[in-house]
>>> print(open('work_15.json').read())   # JSON, C-alpha atoms
[["chain", "number", "residue", "atom", "x", "y", "z"],
["A", 1, "MET", "CA", 73.03, 39.93, 97.65],
["A", 2, "SER", "CA", 69.76, 41.16, 96.15],
["A", 3, "THR", "CA", 68.91, 41.13, 92.46],
["A", 4, "ILE", "CA", 69.03, 44.94, 92.43],
["A", 5, "SER", "CA", 72.54, 44.91, 93.94],
["A", 6, "ILE", "CA", 73.74, 42.39, 91.37],
["A", 7, "PHE", "CA", 72.25, 44.48, 88.55],
["A", 8, "GLN", "CA", 73.75, 47.65, 90.02],
["A", 9, "ASN", "CA", 77.25, 46.14, 90.24],
["A", 10, "LEU", "CA", 77.08, 44.61, 86.76],
["A", 11, "LEU", "CA", 75.90, 47.88, 85.26],
["A", 12, "HIS", "CA", 78.40, 50.01, 87.16],
["A", 13, "TYR", "CA", 81.48, 47.96, 86.33],
["A", 14, "SER", "CA", 80.36, 47.26, 82.75],
["A", 15, "LEU", "CA", 80.01, 50.99, 82.15],
["A", 16, "HIS", "CA", 83.39, 51.74, 83.76],
["A", 17, "PHE", "CA", 85.38, 48.97, 82.11],
["A", 18, "GLY", "CA", 83.59, 48.25, 78.84],
["A", 19, "PHE", "CA", 81.69, 51.28, 77.65],
["A", 20, "PRO", "CA", 84.72, 53.51, 76.90],
["A", 21, "PHE", "CA", 85.80, 50.90, 74.36],
["A", 22, "ILE", "CA", 82.29, 50.61, 72.91],
["A", 23, "ILE", "CA", 82.08, 54.39, 72.47],
["A", 24, "ALA", "CA", 85.56, 54.35, 70.92],
["A", 25, "TYR", "CA", 84.60, 51.59, 68.49],
["A", 26, "LEU", "CA", 81.41, 53.36, 67.44],
["A", 27, "PHE", "CA", 83.07, 56.72, 66.76],
["A", 28, "TRP", "CA", 86.76, 55.97, 66.13],
["A", 29, "LYS", "CA", 86.82, 52.58, 64.37],
["A", 30, "GLU", "CA", 90.34, 53.04, 62.99],
["A", 31, "LYS", "CA", 91.90, 53.67, 66.41],
["A", 32, "TRP", "CA", 89.25, 52.39, 68.80],
["A", 33, "LEU", "CA", 91.66, 50.54, 71.08],
["A", 34, "ARG", "CA", 93.87, 53.59, 71.66],
["A", 35, "VAL", "CA", 90.89, 55.92, 72.10],
["A", 36, "GLY", "CA", 89.18, 53.45, 74.42],
["A", 37, "ALA", "CA", 92.34, 53.11, 76.49],
["A", 38, "ILE", "CA", 92.63, 56.89, 76.85],
["A", 39, "MET", "CA", 89.01, 57.19, 77.98],
["A", 40, "PHE", "CA", 89.35, 54.16, 80.26],
["A", 41, "SER", "CA", 92.49, 55.65, 81.85],
["A", 42, "THR", "CA", 90.34, 58.33, 83.47],
["A", 43, "ILE", "CA", 89.38, 55.68, 86.02],
["A", 44, "ILE", "CA", 92.52, 56.94, 87.77],
["A", 45, "ILE", "CA", 90.27, 59.52, 89.46],
["A", 46, "ASP", "CA", 89.08, 56.63, 91.61],
["A", 47, "ILE", "CA", 92.41, 56.86, 93.41],
["A", 48, "ASP", "CA", 90.59, 59.23, 95.75],
["A", 49, "HIS", "CA", 88.74, 56.20, 97.13],
["A", 50, "PHE", "CA", 92.00, 55.26, 98.91],
["A", 51, "TRP", "CA", 91.76, 58.44, 101.00],
["A", 52, "ALA", "CA", 88.41, 57.33, 102.45],
["A", 53, "ASN", "CA", 87.90, 55.26, 105.56],
["A", 54, "PRO", "CA", 86.85, 52.59, 104.85],
["A", 55, "VAL", "CA", 88.36, 52.49, 101.35],
["A", 56, "PHE", "CA", 85.33, 50.62, 99.99],
["A", 57, "GLU", "CA", 81.80, 50.83, 101.24],
["A", 58, "ALA", "CA", 79.23, 49.05, 99.08],
["A", 59, "PHE", "CA", 76.41, 51.56, 99.37],
["A", 60, "ARG", "CA", 78.33, 54.83, 99.50],
["A", 61, "CYS", "CA", 77.68, 57.33, 96.72],
["A", 62, "SER", "CA", 81.08, 58.52, 95.51],
["A", 63, "ILE", "CA", 79.70, 61.78, 94.09],
["A", 64, "GLY", "CA", 80.10, 64.46, 96.69],
["A", 65, "PHE", "CA", 82.03, 62.15, 99.01],
["A", 66, "HIS", "CA", 85.45, 61.73, 97.40],
["A", 67, "PRO", "CA", 87.57, 64.79, 96.48],
["A", 68, "LEU", "CA", 87.85, 64.02, 92.74],
["A", 69, "HIS", "CA", 84.12, 63.28, 92.71],
["A", 70, "SER", "CA", 83.16, 66.57, 94.40],
["A", 71, "ILE", "CA", 80.84, 69.02, 92.67],
["A", 72, "PRO", "CA", 83.46, 71.80, 92.19],
["A", 73, "VAL", "CA", 85.80, 69.35, 90.45],
["A", 74, "ILE", "CA", 83.01, 67.65, 88.47],
["A", 75, "ILE", "CA", 82.06, 71.04, 87.01],
["A", 76, "LEU", "CA", 85.58, 71.28, 85.53],
["A", 77, "TYR", "CA", 85.57, 67.90, 83.75],
["A", 78, "PRO", "CA", 83.37, 68.91, 80.78],
["A", 79, "ALA", "CA", 85.73, 71.86, 80.13],
["A", 80, "PHE", "CA", 88.24, 69.32, 78.77],
["A", 81, "LEU", "CA", 85.77, 68.61, 75.95],
["A", 82, "PHE", "CA", 86.39, 72.04, 74.42],
["A", 83, "PHE", "CA", 90.08, 71.48, 73.68],
["A", 84, "PRO", "CA", 91.11, 68.94, 71.01],
["A", 85, "LYS", "CA", 94.14, 67.67, 72.94],
["A", 86, "THR", "CA", 92.10, 66.91, 76.07],
["A", 87, "ARG", "CA", 88.77, 65.99, 74.46],
["A", 88, "LEU", "CA", 89.06, 62.23, 75.02],
["A", 89, "ILE", "CA", 90.08, 62.74, 78.63],
["A", 90, "GLY", "CA", 87.12, 65.07, 79.09],
["A", 91, "LEU", "CA", 84.81, 62.51, 77.53],
["A", 92, "GLY", "CA", 86.21, 59.78, 79.77],
["A", 93, "LEU", "CA", 85.93, 61.89, 82.92],
["A", 94, "THR", "CA", 82.42, 63.06, 82.11],
["A", 95, "PHE", "CA", 81.28, 59.53, 81.34],
["A", 96, "HIS", "CA", 82.97, 58.25, 84.51],
["A", 97, "ILE", "CA", 81.01, 60.72, 86.62],
["A", 98, "PHE", "CA", 77.82, 59.88, 84.70],
["A", 99, "THR", "CA", 78.40, 56.21, 85.51],
["A", 100, "ASP", "CA", 78.89, 57.00, 89.19],
["A", 101, "TRP", "CA", 75.76, 59.19, 89.13],
["A", 102, "ILE", "CA", 73.74, 56.26, 87.74],
["A", 103, "ASP", "CA", 75.11, 54.13, 90.59],
["A", 104, "CYS", "CA", 74.07, 56.77, 93.16],
["A", 105, "LEU", "CA", 70.63, 57.05, 91.57],
["A", 106, "ILE", "CA", 70.07, 53.28, 91.77],
["A", 107, "MET", "CA", 71.14, 53.34, 95.42],
["A", 108, "LYS", "CA", 68.78, 56.20, 96.20],
["A", 109, "LEU", "CA", 65.83, 54.58, 94.39],
["A", 110, "ASN", "CA", 66.53, 51.26, 96.10],
["A", 111, "CYS", "CA", 66.35, 52.72, 99.65]]
>>> encode(input="work_15.json", output="structure tokens")
Amino acid sequence: MSTISIFQNLLHYSLHFGFPFIIAYLFWKEKWLRVGAIMFSTIIIDIDHFWANPVFEAFRCSIGFHPLHSIPVIILYPAFLFFPKTRLIGLGLTFHIFTDWIDCLIMKLNC
């Protein structure tokens, strides 16, 4: 595994699993764990990876490939930010897609 691949994986999974809690701690100190858990729970959109064959492919960009990572659906995610009851979900979904976009960008630049 190349140094770039190791960096890419560390960055990708750190952003998915850790960053929602860091954002929550920075902006919602009193309830950071709850807020972080809500934002982290948006990782459920990765369930669409199970519909792919193969389920996991190391150098496949999920944006535009998986149904919940398709452009029409991605356009809807920021809409959740405008409603107080869905704001944290919208933030989590938007950040999730941003994380996947960074992953795709690294893959493209590494080719």
>>> closest_atom_pairs(input="work_15.json", of="region 60-100 of chain A", to="region 22-46 of chain A", cutoff="7 Å", atoms="all atoms listed in the file", output="tab-separated table")
residue	atom	partner	partner_atom	distance
A:Leu68	CA	A:Ile45	CA	6.1
A:Leu88	CA	A:Met39	CA	5.8
A:Ile89	CA	A:Met39	CA	5.7
A:Leu91	CA	A:Met39	CA	6.8
A:Gly92	CA	A:Met39	CA	4.2
A:Leu93	CA	A:Thr42	CA	5.7
>>> residues_around(input="work_15.json", residues="Cys104 (chain A)", least_positions_apart="5", cutoff="8 Å", atoms="only C-alpha atoms", output="list in words")
Arg60, Cys61, Ser62 and Ile63 of chain A
>>> residues_around(input="work_15.json", residues="Ile97 (chain A)", least_positions_apart="3", cutoff="8 Å", atoms="only C-alpha atoms", output="list in words")
Ile63, His69, Ile74, Leu93, Thr94, Asp100 and Trp101 of chain A
>>> residues_around(input="work_15.json", residues="Gln8 (chain A)", least_positions_apart="2", cutoff="12 Å", atoms="only C-alpha atoms", output="JSON, numbers by chain")
{"A": [1, 2, 3, 4, 5, 6, 10, 11, 12, 13, 14, 15, 58, 59, 99, 100, 101, 102, 103, 104, 105, 106, 107, 108, 109, 110]}
>>> write_last_selection(input="work_15.json", atoms="C-alpha atoms", output="mmCIF file, keeping the file's coordinate frame")
data_model
loop_
_atom_site.group_PDB
_atom_site.id
_atom_site.type_symbol
_atom_site.label_atom_id
_atom_site.label_comp_id
_atom_site.auth_asym_id
_atom_site.auth_seq_id
_atom_site.Cartn_x
_atom_site.Cartn_y
_atom_site.Cartn_z
ATOM 1 C CA MET A 1 73.030 39.930 97.650
ATOM 2 C CA SER A 2 69.760 41.160 96.150
ATOM 3 C CA THR A 3 68.910 41.130 92.460
ATOM 4 C CA ILE A 4 69.030 44.940 92.430
ATOM 5 C CA SER A 5 72.540 44.910 93.940
ATOM 6 C CA ILE A 6 73.740 42.390 91.370
ATOM 7 C CA LEU A 10 77.080 44.610 86.760
ATOM 8 C CA LEU A 11 75.900 47.880 85.260
ATOM 9 C CA HIS A 12 78.400 50.010 87.160
ATOM 10 C CA TYR A 13 81.480 47.960 86.330
ATOM 11 C CA SER A 14 80.360 47.260 82.750
ATOM 12 C CA LEU A 15 80.010 50.990 82.150
ATOM 13 C CA ALA A 58 79.230 49.050 99.080
ATOM 14 C CA PHE A 59 76.410 51.560 99.370
ATOM 15 C CA THR A 99 78.400 56.210 85.510
ATOM 16 C CA ASP A 100 78.890 57.000 89.190
ATOM 17 C CA TRP A 101 75.760 59.190 89.130
ATOM 18 C CA ILE A 102 73.740 56.260 87.740
ATOM 19 C CA ASP A 103 75.110 54.130 90.590
ATOM 20 C CA CYS A 104 74.070 56.770 93.160
ATOM 21 C CA LEU A 105 70.630 57.050 91.570
ATOM 22 C CA ILE A 106 70.070 53.280 91.770
ATOM 23 C CA MET A 107 71.140 53.340 95.420
ATOM 24 C CA LYS A 108 68.780 56.200 96.200
ATOM 25 C CA LEU A 109 65.830 54.580 94.390
ATOM 26 C CA ASN A 110 66.530 51.260 96.100
#
>>> atom_distance(input="work_15.json", atom1="CA of Asp48 (chain A)", atom2="CA of Ile71 (chain A)")
14.2 Å
>>> atom_distance(input="work_15.json", atom1="CA of Phe65 (chain A)", atom2="CA of Thr86 (chain A)")
25.5 Å
>>> atom_distance(input="work_15.json", atom1="CA of Trp51 (chain A)", atom2="CA of His96 (chain A)")
18.7 Å
>>> build_atoms(input="work_15.json", residues="region 52-65 of chain A", atoms="N, CA and C atoms", output="PDB file, keeping the file's coordinate frame")
ATOM      1  N   ALA A  52      89.606  57.485 101.610  1.00  0.00           N
ATOM      2  CA  ALA A  52      88.410  57.330 102.450  1.00  0.00           C
ATOM      3  C   ALA A  52      88.629  56.232 103.484  1.00  0.00           C
ATOM      4  N   ASN A  53      87.863  56.304 104.538  1.00  0.00           N
ATOM      5  CA  ASN A  53      87.900  55.260 105.560  1.00  0.00           C
ATOM      6  C   ASN A  53      86.470  54.844 105.865  1.00  0.00           C
ATOM      7  N   PRO A  54      86.083  53.631 105.518  1.00  0.00           N
ATOM      8  CA  PRO A  54      86.850  52.590 104.850  1.00  0.00           C
ATOM      9  C   PRO A  54      87.053  52.912 103.362  1.00  0.00           C
ATOM     10  N   VAL A  55      88.043  52.269 102.762  1.00  0.00           N
ATOM     11  CA  VAL A  55      88.360  52.490 101.350  1.00  0.00           C
ATOM     12  C   VAL A  55      87.151  52.150 100.484  1.00  0.00           C
ATOM     13  N   PHE A  56      86.506  51.033 100.763  1.00  0.00           N
ATOM     14  CA  PHE A  56      85.330  50.620  99.990  1.00  0.00           C
ATOM     15  C   PHE A  56      84.152  50.428 100.917  1.00  0.00           C
ATOM     16  N   GLU A  57      83.061  51.029 100.541  1.00  0.00           N
ATOM     17  CA  GLU A  57      81.800  50.830 101.240  1.00  0.00           C
ATOM     18  C   GLU A  57      80.744  50.624 100.165  1.00  0.00           C
ATOM     19  N   ALA A  58      80.109  49.469 100.177  1.00  0.00           N
ATOM     20  CA  ALA A  58      79.230  49.050  99.080  1.00  0.00           C
ATOM     21  C   ALA A  58      78.149  50.056  98.720  1.00  0.00           C
ATOM     22  N   PHE A  59      77.549  50.686  99.672  1.00  0.00           N
ATOM     23  CA  PHE A  59      76.410  51.560  99.370  1.00  0.00           C
ATOM     24  C   PHE A  59      76.713  53.031  99.626  1.00  0.00           C
ATOM     25  N   ARG A  60      77.948  53.429  99.356  1.00  0.00           N
ATOM     26  CA  ARG A  60      78.330  54.830  99.500  1.00  0.00           C
ATOM     27  C   ARG A  60      78.360  55.478  98.113  1.00  0.00           C
ATOM     28  N   CYS A  61      77.670  56.580  97.973  1.00  0.00           N
ATOM     29  CA  CYS A  61      77.680  57.330  96.720  1.00  0.00           C
ATOM     30  C   CYS A  61      78.998  58.101  96.650  1.00  0.00           C
ATOM     31  N   SER A  62      79.775  57.859  95.603  1.00  0.00           N
ATOM     32  CA  SER A  62      81.080  58.520  95.510  1.00  0.00           C
ATOM     33  C   SER A  62      80.961  59.994  95.139  1.00  0.00           C
ATOM     34  N   ILE A  63      79.878  60.374  94.471  1.00  0.00           N
ATOM     35  CA  ILE A  63      79.700  61.780  94.090  1.00  0.00           C
ATOM     36  C   ILE A  63      79.405  62.600  95.333  1.00  0.00           C
ATOM     37  N   GLY A  64      80.244  63.603  95.527  1.00  0.00           N
ATOM     38  CA  GLY A  64      80.100  64.460  96.690  1.00  0.00           C
ATOM     39  C   GLY A  64      80.813  63.934  97.925  1.00  0.00           C
ATOM     40  N   PHE A  65      81.339  62.717  97.861  1.00  0.00           N
ATOM     41  CA  PHE A  65      82.030  62.150  99.010  1.00  0.00           C
ATOM     42  C   PHE A  65      83.546  62.201  98.829  1.00  0.00           C
TER      43      PHE A  65
END
